[in-house]
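Colleague: mmCIF, C-alpha atoms (C1' of nucleotides), saved as input04.cif, coming up:
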data_query
#
loop_
_atom_site.label_atom_id
_atom_site.label_comp_id
_atom_site.auth_asym_id
_atom_site.auth_seq_id
_atom_site.Cartn_x
_atom_site.Cartn_y
_atom_site.Cartn_z
CA MET A 6 -7.52 -37.29 -14.78
CA THR A 7 -5.98 -40.52 -13.43
CA PRO A 8 -2.24 -40.78 -14.11
CA SER A 9 -1.82 -43.20 -17.01
CA GLY A 10 0.43 -46.24 -17.11
CA ASP A 11 0.25 -47.37 -13.51
CA PRO A 12 3.29 -49.61 -13.00
CA GLN A 13 1.82 -51.41 -10.00
CA PRO A 14 -1.76 -52.33 -10.76
CA HIS A 15 -2.24 -54.05 -7.43
CA GLN A 16 -1.85 -50.68 -5.71
CA SER A 17 -4.54 -48.06 -5.64
CA PRO A 18 -3.73 -45.35 -8.15
CA GLU A 19 -4.70 -42.81 -5.54
CA PRO A 20 -2.81 -42.54 -2.28
CA LEU A 21 -4.81 -42.93 0.89
CA SER A 22 -3.87 -39.45 1.98
CA LYS A 23 -5.81 -37.96 -0.92
CA GLN A 24 -8.82 -40.02 0.03
CA ARG A 25 -8.53 -38.83 3.61
CA LEU A 26 -8.32 -35.26 2.44
CA ARG A 27 -11.44 -35.81 0.39
CA LEU A 28 -13.24 -37.13 3.45
CA TRP A 29 -12.25 -34.07 5.44
CA LEU A 30 -13.60 -31.80 2.72
CA ARG A 31 -16.86 -33.72 2.66
CA LEU A 32 -17.14 -33.52 6.40
CA LEU A 33 -16.48 -29.79 6.25
CA ARG A 34 -19.16 -29.20 3.65
CA ALA A 35 -21.69 -31.46 5.33
CA HIS A 36 -21.14 -29.66 8.59
CA ARG A 37 -21.36 -26.22 7.08
CA SER A 38 -24.48 -27.04 5.14
CA ILE A 39 -26.34 -28.38 8.16
CA GLU A 40 -25.09 -25.65 10.45
CA ASN A 41 -26.09 -22.88 8.08
CA HIS A 42 -29.59 -24.27 7.86
CA LEU A 43 -29.98 -24.74 11.61
CA ARG A 44 -28.65 -21.24 12.25
CA GLU A 45 -31.20 -19.73 9.92
CA GLN A 46 -34.10 -21.67 11.43
CA LEU A 47 -33.09 -20.80 14.95
CA ARG A 48 -32.82 -17.15 14.05
CA LEU A 49 -36.12 -17.00 12.19
CA THR A 50 -38.23 -18.96 14.61
CA HIS A 51 -36.59 -18.20 17.97
CA SER A 52 -34.39 -15.15 17.44
CA SER A 53 -31.55 -17.19 18.85
CA THR A 54 -28.20 -18.59 17.79
CA LEU A 55 -26.48 -21.94 17.56
CA PRO A 56 -23.85 -21.24 20.22
CA ARG A 57 -26.56 -20.25 22.69
CA PHE A 58 -28.54 -23.34 21.79
CA ASP A 59 -25.50 -25.53 22.34
CA VAL A 60 -24.94 -24.11 25.80
CA LEU A 61 -28.60 -24.49 26.73
CA SER A 62 -28.47 -28.05 25.49
CA ALA A 63 -25.48 -28.91 27.65
CA LEU A 64 -27.16 -27.33 30.65
CA ASP A 65 -30.39 -29.19 29.95
CA ARG A 66 -28.53 -32.46 30.09
CA ASN A 67 -26.96 -31.42 33.38
CA ARG A 68 -29.76 -30.04 35.47
CA ASP A 69 -27.62 -29.42 38.52
CA GLY A 70 -25.38 -27.17 36.48
CA LEU A 71 -21.92 -27.20 35.01
CA ARG A 72 -18.81 -25.22 35.75
CA MET A 73 -17.63 -22.81 33.13
CA SER A 74 -14.64 -25.00 32.39
CA GLU A 75 -16.77 -28.15 32.13
CA LEU A 76 -18.99 -26.29 29.71
CA SER A 77 -16.13 -25.21 27.49
CA ALA A 78 -14.65 -28.70 27.53
CA ARG A 79 -17.96 -30.33 26.56
CA LEU A 80 -18.51 -27.88 23.74
CA MET A 81 -14.85 -27.96 22.69
CA VAL A 82 -14.53 -24.20 22.67
CA SER A 83 -12.33 -21.82 24.64
CA ASN A 84 -13.08 -20.64 28.16
CA GLY A 85 -13.34 -17.03 27.15
CA ASN A 86 -15.88 -17.94 24.53
CA VAL A 87 -18.22 -19.51 27.06
CA THR A 88 -17.96 -16.48 29.30
CA GLY A 89 -19.52 -14.30 26.64
CA ILE A 90 -22.29 -16.70 25.69
CA VAL A 91 -23.29 -17.29 29.30
CA ASP A 92 -23.27 -13.53 29.86
CA ARG A 93 -25.85 -13.18 27.11
CA LEU A 94 -27.94 -16.09 28.31
CA GLU A 95 -27.97 -14.56 31.77
CA ALA A 96 -29.01 -11.21 30.32
CA GLU A 97 -31.86 -13.01 28.56
CA GLY A 98 -32.82 -14.69 31.81
CA LEU A 99 -32.31 -18.21 30.48
CA ALA A 100 -29.30 -19.19 32.59
CA GLN A 101 -27.77 -18.13 35.85
CA ARG A 102 -24.42 -18.38 37.55
CA VAL A 103 -24.36 -19.69 41.08
CA SER A 104 -21.28 -19.87 43.24
CA VAL A 105 -19.78 -23.21 44.18
CA ASP A 106 -19.34 -23.63 47.90
CA GLY A 107 -15.91 -24.75 48.87
CA ASP A 108 -14.33 -23.05 45.88
CA ARG A 109 -14.73 -19.35 45.44
CA ARG A 110 -12.94 -19.39 42.10
CA ALA A 111 -15.50 -21.58 40.40
CA MET A 112 -18.95 -20.87 39.03
CA ARG A 113 -21.76 -23.27 38.36
CA VAL A 114 -24.09 -22.36 35.51
CA ARG A 115 -27.68 -23.58 35.53
CA LEU A 116 -30.81 -23.16 33.49
CA THR A 117 -33.48 -20.91 34.93
CA GLU A 118 -37.13 -21.96 34.83
CA ASP A 119 -37.51 -19.84 31.73
CA GLY A 120 -34.40 -21.35 30.22
CA LEU A 121 -35.72 -24.85 30.77
CA ALA A 122 -39.03 -24.09 29.10
CA ARG A 123 -37.49 -22.09 26.31
CA PHE A 124 -34.99 -24.83 25.54
CA ALA A 125 -37.71 -27.48 25.44
CA GLU A 126 -39.48 -25.55 22.69
CA MET A 127 -36.32 -24.99 20.72
CA ALA A 128 -35.10 -28.56 21.11
CA ALA A 129 -38.28 -30.04 19.70
CA GLU A 130 -38.01 -27.98 16.56
CA HIS A 131 -34.27 -28.47 16.36
CA GLU A 132 -34.78 -32.21 16.37
CA SER A 133 -37.29 -31.99 13.55
CA TRP A 134 -34.95 -29.85 11.43
CA VAL A 135 -32.13 -32.33 11.88
CA ASP A 136 -34.57 -35.14 11.24
CA SER A 137 -35.53 -33.77 7.86
CA MET A 138 -32.00 -32.84 6.85
CA LEU A 139 -30.72 -36.35 7.55
CA SER A 140 -33.76 -38.16 6.23
CA THR A 141 -31.78 -39.50 3.30
CA TYR A 142 -30.17 -42.18 5.45
CA THR A 143 -31.55 -45.60 6.32
CA GLU A 144 -31.28 -46.88 9.86
CA THR A 145 -28.31 -49.01 8.87
CA GLU A 146 -26.52 -46.13 7.24
CA LEU A 147 -27.08 -43.99 10.31
CA SER A 148 -25.52 -46.65 12.50
CA THR A 149 -22.57 -46.98 10.17
CA LEU A 150 -21.92 -43.27 10.14
CA ILE A 151 -22.31 -42.90 13.88
CA THR A 152 -20.00 -45.81 14.61
CA LEU A 153 -17.33 -44.66 12.20
CA LEU A 154 -17.42 -41.04 13.32
CA ALA A 155 -17.33 -42.05 16.96
CA ARG A 156 -13.96 -43.60 16.31
CA LEU A 157 -12.41 -40.18 15.87
CA GLU A 158 -13.18 -39.30 19.45
CA GLU A 159 -11.90 -42.55 20.92
CA ASP A 160 -8.57 -42.01 19.25
CA GLU A 161 -8.02 -38.63 20.85
CA THR A 162 -4.87 -38.54 22.91
CA MET B 10 -32.23 -46.50 30.09
CA THR B 11 -34.41 -48.18 27.46
CA PRO B 12 -38.12 -47.87 28.22
CA SER B 13 -39.22 -51.20 29.60
CA GLY B 14 -42.11 -53.29 28.33
CA ASP B 15 -42.03 -52.36 24.67
CA PRO B 16 -45.53 -53.17 23.38
CA GLN B 17 -44.42 -53.45 19.76
CA PRO B 18 -41.24 -55.45 19.62
CA HIS B 19 -41.07 -55.29 15.83
CA GLN B 20 -40.48 -51.54 16.05
CA SER B 21 -37.18 -50.04 16.99
CA PRO B 22 -37.31 -48.86 20.59
CA GLU B 23 -35.56 -45.68 19.51
CA PRO B 24 -37.11 -43.39 16.93
CA LEU B 25 -35.08 -42.64 13.87
CA SER B 26 -35.11 -38.96 14.69
CA LYS B 27 -33.05 -39.60 17.83
CA GLN B 28 -30.55 -41.55 15.78
CA ARG B 29 -30.35 -38.70 13.30
CA LEU B 30 -29.80 -36.25 16.10
CA ARG B 31 -27.04 -38.45 17.39
CA LEU B 32 -25.40 -38.45 13.98
CA TRP B 33 -25.52 -34.67 13.84
CA LEU B 34 -23.86 -34.43 17.24
CA ARG B 35 -21.15 -36.84 16.14
CA LEU B 36 -20.60 -34.86 12.98
CA LEU B 37 -20.38 -31.68 15.01
CA ARG B 38 -17.82 -33.09 17.39
CA ALA B 39 -15.78 -34.73 14.66
CA HIS B 40 -15.69 -31.48 12.76
CA ARG B 41 -14.76 -29.40 15.77
CA SER B 42 -12.05 -31.78 16.84
CA ILE B 43 -10.36 -31.82 13.45
CA GLU B 44 -10.81 -28.12 12.90
CA ASN B 45 -9.33 -27.22 16.26
CA HIS B 46 -6.28 -29.29 15.55
CA LEU B 47 -5.78 -27.89 12.06
CA ARG B 48 -6.22 -24.35 13.33
CA GLU B 49 -3.53 -24.84 15.93
CA GLN B 50 -1.08 -26.37 13.48
CA LEU B 51 -1.64 -23.66 10.93
CA ARG B 52 -1.11 -20.99 13.54
CA LEU B 53 2.02 -22.55 15.01
CA THR B 54 3.76 -23.48 11.80
CA HIS B 55 2.56 -20.81 9.38
CA SER B 56 1.10 -18.01 11.51
CA SER B 57 -2.04 -18.35 9.46
CA THR B 58 -5.68 -19.27 9.89
CA LEU B 59 -8.15 -21.78 8.54
CA PRO B 60 -10.38 -19.26 6.73
CA ARG B 61 -7.37 -17.85 4.91
CA PHE B 62 -6.21 -21.34 4.03
CA ASP B 63 -9.64 -22.18 2.66
CA VAL B 64 -9.64 -19.14 0.41
CA LEU B 65 -6.11 -19.84 -0.82
CA SER B 66 -7.13 -23.42 -1.51
CA ALA B 67 -10.10 -22.37 -3.61
CA LEU B 68 -7.92 -19.94 -5.54
CA ASP B 69 -5.26 -22.57 -6.07
CA ARG B 70 -7.82 -24.83 -7.71
CA ASN B 71 -8.90 -21.95 -9.93
CA ARG B 72 -5.72 -20.39 -11.22
CA ASP B 73 -7.44 -17.85 -13.39
CA GLY B 74 -9.23 -16.48 -10.37
CA LEU B 75 -12.71 -16.43 -8.88
CA ARG B 76 -15.21 -13.68 -8.35
CA MET B 77 -15.97 -12.71 -4.81
CA SER B 78 -19.43 -14.21 -5.09
CA GLU B 79 -18.11 -17.46 -6.55
CA LEU B 80 -15.67 -17.63 -3.68
CA SER B 81 -18.34 -17.17 -1.04
CA ALA B 82 -20.58 -19.73 -2.73
CA ARG B 83 -17.80 -22.34 -2.90
CA LEU B 84 -16.89 -21.81 0.74
CA MET B 85 -20.53 -21.57 1.81
CA VAL B 86 -19.99 -18.36 3.72
CA SER B 87 -21.44 -14.88 3.36
CA ASN B 88 -20.23 -12.30 0.87
CA GLY B 89 -19.19 -9.85 3.53
CA ASN B 90 -17.09 -12.51 5.17
CA VAL B 91 -15.02 -13.11 2.05
CA THR B 92 -14.42 -9.40 1.65
CA GLY B 93 -12.55 -9.27 4.94
CA ILE B 94 -10.49 -12.40 4.37
CA VAL B 95 -9.43 -11.32 0.89
CA ASP B 96 -8.54 -7.88 2.30
CA ARG B 97 -6.12 -9.56 4.68
CA LEU B 98 -4.70 -11.88 2.05
CA GLU B 99 -4.09 -8.89 -0.18
CA ALA B 100 -2.38 -7.05 2.67
CA GLU B 101 -0.14 -10.11 3.12
CA GLY B 102 0.60 -10.10 -0.60
CA LEU B 103 -0.81 -13.59 -1.16
CA ALA B 104 -3.83 -12.66 -3.28
CA GLN B 105 -4.86 -9.79 -5.49
CA ARG B 106 -8.07 -8.37 -6.84
CA VAL B 107 -8.21 -7.69 -10.55
CA SER B 108 -11.09 -6.04 -12.32
CA VAL B 109 -13.26 -8.02 -14.68
CA ASP B 110 -13.55 -6.42 -18.08
CA GLY B 111 -17.07 -6.07 -19.25
CA ASP B 112 -18.41 -5.78 -15.71
CA ARG B 113 -17.22 -3.01 -13.49
CA ARG B 114 -19.19 -4.29 -10.51
CA ALA B 115 -17.32 -7.56 -10.30
CA MET B 116 -13.88 -8.44 -9.00
CA ARG B 117 -11.74 -11.44 -9.80
CA VAL B 118 -9.44 -12.64 -7.03
CA ARG B 119 -6.24 -14.48 -7.90
CA LEU B 120 -3.24 -15.88 -6.13
CA THR B 121 -0.03 -13.92 -6.44
CA GLU B 122 3.28 -15.69 -7.12
CA ASP B 123 3.94 -15.55 -3.42
CA GLY B 124 0.47 -16.85 -2.66
CA LEU B 125 0.98 -19.80 -4.96
CA ALA B 126 4.27 -20.77 -3.34
CA ARG B 127 3.05 -20.13 0.16
CA PHE B 128 -0.05 -22.22 -0.38
CA ALA B 129 1.96 -25.11 -1.78
CA GLU B 130 3.96 -25.29 1.45
CA MET B 131 0.90 -25.07 3.64
CA ALA B 132 -1.09 -27.56 1.59
CA ALA B 133 1.57 -30.25 1.87
CA GLU B 134 1.57 -30.02 5.65
CA HIS B 135 -2.17 -29.67 5.80
CA GLU B 136 -2.54 -32.91 3.91
CA SER B 137 -0.25 -34.70 6.29
CA TRP B 138 -2.14 -33.42 9.33
CA VAL B 139 -5.42 -34.62 7.88
CA ASP B 140 -3.74 -37.85 6.90
CA SER B 141 -2.70 -38.60 10.43
CA MET B 142 -5.98 -37.52 12.00
CA LEU B 143 -7.99 -39.80 9.72
CA SER B 144 -5.54 -42.68 9.77
CA THR B 145 -7.95 -44.80 11.77
CA TYR B 146 -10.00 -45.61 8.67
CA THR B 147 -9.39 -48.33 6.14
CA GLU B 148 -9.72 -47.60 2.47
CA THR B 149 -13.18 -49.17 2.43
CA GLU B 150 -14.34 -47.16 5.40
CA LEU B 151 -13.10 -43.97 3.76
CA SER B 152 -15.10 -44.75 0.65
CA THR B 153 -18.18 -45.50 2.68
CA LEU B 154 -17.97 -42.26 4.60
CA ILE B 155 -17.27 -40.19 1.52
CA THR B 156 -20.14 -41.71 -0.40
CA LEU B 157 -22.62 -41.32 2.40
CA LEU B 158 -21.63 -37.76 3.24
CA ALA B 159 -21.71 -36.78 -0.41
CA ARG B 160 -25.39 -37.61 -0.42
CA LEU B 161 -26.13 -34.62 1.77
CA GLU B 162 -24.97 -32.27 -0.93
CA GLU B 163 -26.88 -33.95 -3.73
CA ASP B 164 -30.09 -33.53 -1.81
CA GLU B 165 -29.71 -29.78 -1.48
CA THR B 166 -32.57 -27.90 -2.97
"C1'" DG C 4 1.15 -17.83 58.74
"C1'" DC C 5 3.61 -17.17 54.13
"C1'" DC C 6 5.32 -18.53 49.65
"C1'" DT C 7 4.65 -20.63 45.31
"C1'" DG C 8 2.68 -22.88 41.71
"C1'" DA C 9 -1.67 -24.53 39.97
"C1'" DA C 10 -6.56 -24.01 38.82
"C1'" DG C 11 -11.02 -21.38 37.48
"C1'" DT C 12 -12.61 -17.56 35.38
"C1'" DT C 13 -12.63 -13.15 33.05
"C1'" DT C 14 -10.57 -9.68 30.19
"C1'" DT C 15 -8.43 -8.12 26.04
"C1'" DA C 16 -7.06 -7.58 21.22
"C1'" DG C 17 -7.65 -9.26 16.93
"C1'" DG C 18 -9.83 -11.94 13.61
"C1'" DC C 19 -14.06 -14.44 11.77
"C1'" DT C 20 -19.04 -14.50 10.66
"C1'" DT C 21 -23.62 -13.12 9.81
"C1'" DG C 22 -27.69 -10.39 8.00
"C1'" DA C 23 -29.01 -6.13 6.53
"C1'" DA C 24 -28.14 -1.74 4.52
"C1'" DA C 25 -25.54 0.94 1.28
"C1'" DT C 26 -23.06 1.58 -3.34
"C1'" DA C 27 -22.18 0.91 -7.81
"C1'" DT C 28 -23.07 -1.09 -12.07
"C1'" DC C 29 -25.67 -3.69 -15.42
"C1'" DC C 30 -29.49 -4.54 -18.52
"C1'" DG C 31 -33.99 -4.51 -20.48
"C1'" DT C 32 -37.84 -1.47 -21.53
"C1'" DC C 33 -39.79 2.36 -22.92
"C1'" DG D 21 -31.11 7.79 -23.28
"C1'" DA D 22 -33.75 7.72 -18.84
"C1'" DC D 23 -36.09 4.53 -15.55
"C1'" DG D 24 -36.20 0.60 -12.58
"C1'" DG D 25 -35.28 -3.81 -11.04
"C1'" DA D 26 -31.55 -7.11 -10.68
"C1'" DT D 27 -26.66 -8.25 -9.64
"C1'" DA D 28 -21.79 -7.73 -7.42
"C1'" DT D 29 -19.53 -6.04 -3.82
"C1'" DT D 30 -18.63 -3.51 0.38
"C1'" DT D 31 -19.86 -1.56 4.77
"C1'" DC D 32 -21.80 -1.87 9.25
"C1'" DA D 33 -23.27 -3.47 13.85
"C1'" DA D 34 -23.47 -7.22 16.64
"C1'" DG D 35 -22.11 -11.53 18.03
"C1'" DC D 36 -18.81 -15.52 18.02
"C1'" DC D 37 -14.13 -17.29 18.72
"C1'" DT D 38 -9.29 -17.78 19.97
"C1'" DA D 39 -4.84 -17.22 22.48
"C1'" DA D 40 -2.69 -14.83 25.87
"C1'" DA D 41 -2.61 -11.99 29.88
"C1'" DA D 42 -4.64 -10.75 34.21
"C1'" DC D 43 -7.13 -11.81 38.47
"C1'" DT D 44 -8.66 -14.46 42.14
"C1'" DT D 45 -8.55 -18.33 44.89
"C1'" DC D 46 -6.78 -22.83 46.28
"C1'" DA D 47 -3.48 -26.23 48.22
"C1'" DG D 48 0.98 -27.76 49.78
"C1'" DG D 49 5.47 -27.08 51.79
"C1'" DC D 50 7.99 -24.55 54.79
#
Could you render the structure as structure tokens?
Modeller:
Amino acid sequence: MTPSGDPQPHQSPEPLSKQRLRLWLRLLRAHRSIENHLREQLRLTHSSTLPRFDVLSALDRNRDGLRMSELSARLMVSNGNVTGIVDRLEAEGLAQRVSVDGDRRAMRVRLTEDGLARFAEMAAEHESWVDSMLSTYTETELSTLITLLARLEEDET
Amino acid sequence: MTPSGDPQPHQSPEPLSKQRLRLWLRLLRAHRSIENHLREQLRLTHSSTLPRFDVLSALDRNRDGLRMSELSARLMVSNGNVTGIVDRLEAEGLAQRVSVDGDRRAMRVRLTEDGLARFAEMAAEHESWVDSMLSTYTETELSTLITLLARLEEDET
DNA sequence: GCCTGAAGTTTTAGGCTTGAAATATCCGTC
DNA sequence: GACGGATATTTCAAGCCTAAAACTTCAGGC
């Protein structure tokens, strides 16, 4: 597999870019594997979806509500996307839109009482699913991974 | 933030499960950030999409073709999903379905000449985009991340 | 007050994705 | 060689997602 007769033995036989590509593929597969499992659990035990859970989670961390645009920025998805998910959460009675005084363009989205309770149930199970899927790592390894992955966000322009 | 007056100082003040949850969130954000950027580049420079690229990539690594079900397993997506993407790739002339002799249920998907050439162009740029997005890591850090993330796949039941 | 560009949100068209149902074929058993 | 369960793929309905266009409102400059 490795090209034979490397003329410069002090250099890695494999360029860094290949290694970076490999990391991206690993990241992709790790993400997909975990996400698929969480999606299934959420569907089976709560008849819900990951995007809805993500929105509820953001709202739970911001009890006084978030604007639509803040929501889409936090979740790193498009504005139009959030519109649809919040529509469904409102239809389910888990979230509500309230107008922002001083700016009639904007909307603040908040959890309802039901949404708060419902999310608490889901979040507890969600945490245990993640817990068991990532149980292979020691505390040190977790720290390493978190620190290294965090660097990707710092670098953002 | 940390609960004050920890009665058992030998224990970590934060349960491992919280740390695991944090890792999952980091992974999620890292993935989304990279994916969003790749999607944009692919759209702007090749008028294509990530799912199509992923299928082409799998086919490029398997020149004699893959069955629909092998394709969906490799990409970790549903069967029905692959059907639609391959439909579009066929319409674009980049892939083709050929029948498998000995089994009239199955289909083998292959790259066309055009698909092969087209993918080669895309792949070169794709690699350079990934290269620059992951340039923050040293060779050692890359190895660490790859090794640790690979463990998630080994553990799969 | 009125214009003009910017900001917040929704709408739209098209593609991606899933889970479940439908189709077609295979294969072992009788 | 007919039956019946398993396998490979497609179809379907519903939801997710994006980029771009459309709408509404805001904020300054005149």
Colleague: Excluding same-chain residues fewer than 4 positions from range 85-102 of chain B, what lies within 12 Å of it counting only C-alpha atoms (C1' of nucleotides), as a PyMOL selection string?
Modeller: (chain A and resi 33-42) or (chain B and resi 56-65+67-68+75-81+106-107+116-128+162) or (chain C and resi 18-23) or (chain D and resi 28-32)
Colleague: Fewer than 4 positions away in the same chain doesn't count, so skip those; otherwise give me all residues within 12 Å of range 107-109 of chain A, counting only C-alpha atoms (C1' of nucleotides), as a short mmCIF file (atom, residue, chain, number, x, y, z; two decimals) with C-alpha atoms (C1' of nucleotides), keeping the file's coordinate frame.
Modeller:
data_model
loop_
_atom_site.label_atom_id
_atom_site.label_comp_id
_atom_site.auth_asym_id
_atom_site.auth_seq_id
_atom_site.Cartn_x
_atom_site.Cartn_y
_atom_site.Cartn_z
CA ARG A 72 -18.81 -25.22 35.75
CA VAL A 103 -24.36 -19.69 41.08
CA ARG A 113 -21.76 -23.27 38.36
"C1'" DA C 10 -6.56 -24.01 38.82
"C1'" DG C 11 -11.02 -21.38 37.48
"C1'" DT C 12 -12.61 -17.56 35.38
"C1'" DT D 44 -8.66 -14.46 42.14
"C1'" DT D 45 -8.55 -18.33 44.89
"C1'" DC D 46 -6.78 -22.83 46.28
"C1'" DA D 47 -3.48 -26.23 48.22
#
Colleague: For this structure, which residues satisfy the selection - the PyMOL selection byres ((chain D and resi 22) around 12) - when it is evaluated on the file as given? I want them as a VMD selection string.
Modeller: (chain C and resid 32 to 33) or (chain D and resid 21 23 to 24)
Colleague: If I take C1' of DT26 in chain C and CA of Gly74 in chain B, how far is one from the other in Å, to one decimal?
Modeller: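 For C1' of DT26 in chain C relative to CA of Gly74 in chain B, the distance reads 23.8 Å.
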Colleague: Apply the PyMOL selection byres ((chain C and resi 7) around 12) to the structure shown and report the selected residues as number ranges by chain.
Modeller: C: 5-6, 8-9; D: 46-50
Colleague: Quote the spacing between CA of Gln101 in chain A and CA of Asp69 in chain A in Å to one decimal place.
Modeller: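 It comes out at 11.6 Å.
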Colleague: Name the residues that the PyMOL selection byres ((chain B and resi 132-142) around 9) picks from the file above, as a ChimeraX atom specification, using the file's chain letters and numbers.
Modeller: /A:21-26,29,157,160 /B:43,46-47,50-51,62,66,127-131,143-145
Colleague: To one decimal place, how far is C1' of DC29 in chain C from C1' of DA33 in chain D in Å?
Modeller: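 If I compute the distance from C1' of DC29 in chain C to C1' of DA33 in chain D, I get 29.4 Å.
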Colleague: Go ahead and find all residues with at least one atom no further than 9 Å from (-10.4, -11.4, 33.2) in the file's coordinates, using all atoms listed in the file; report them as a list of chain:residue names.
Modeller: A:Gly85, C:DT12, C:DT13, C:DT14, C:DT15, D:DA41, D:DA42, D:DC43
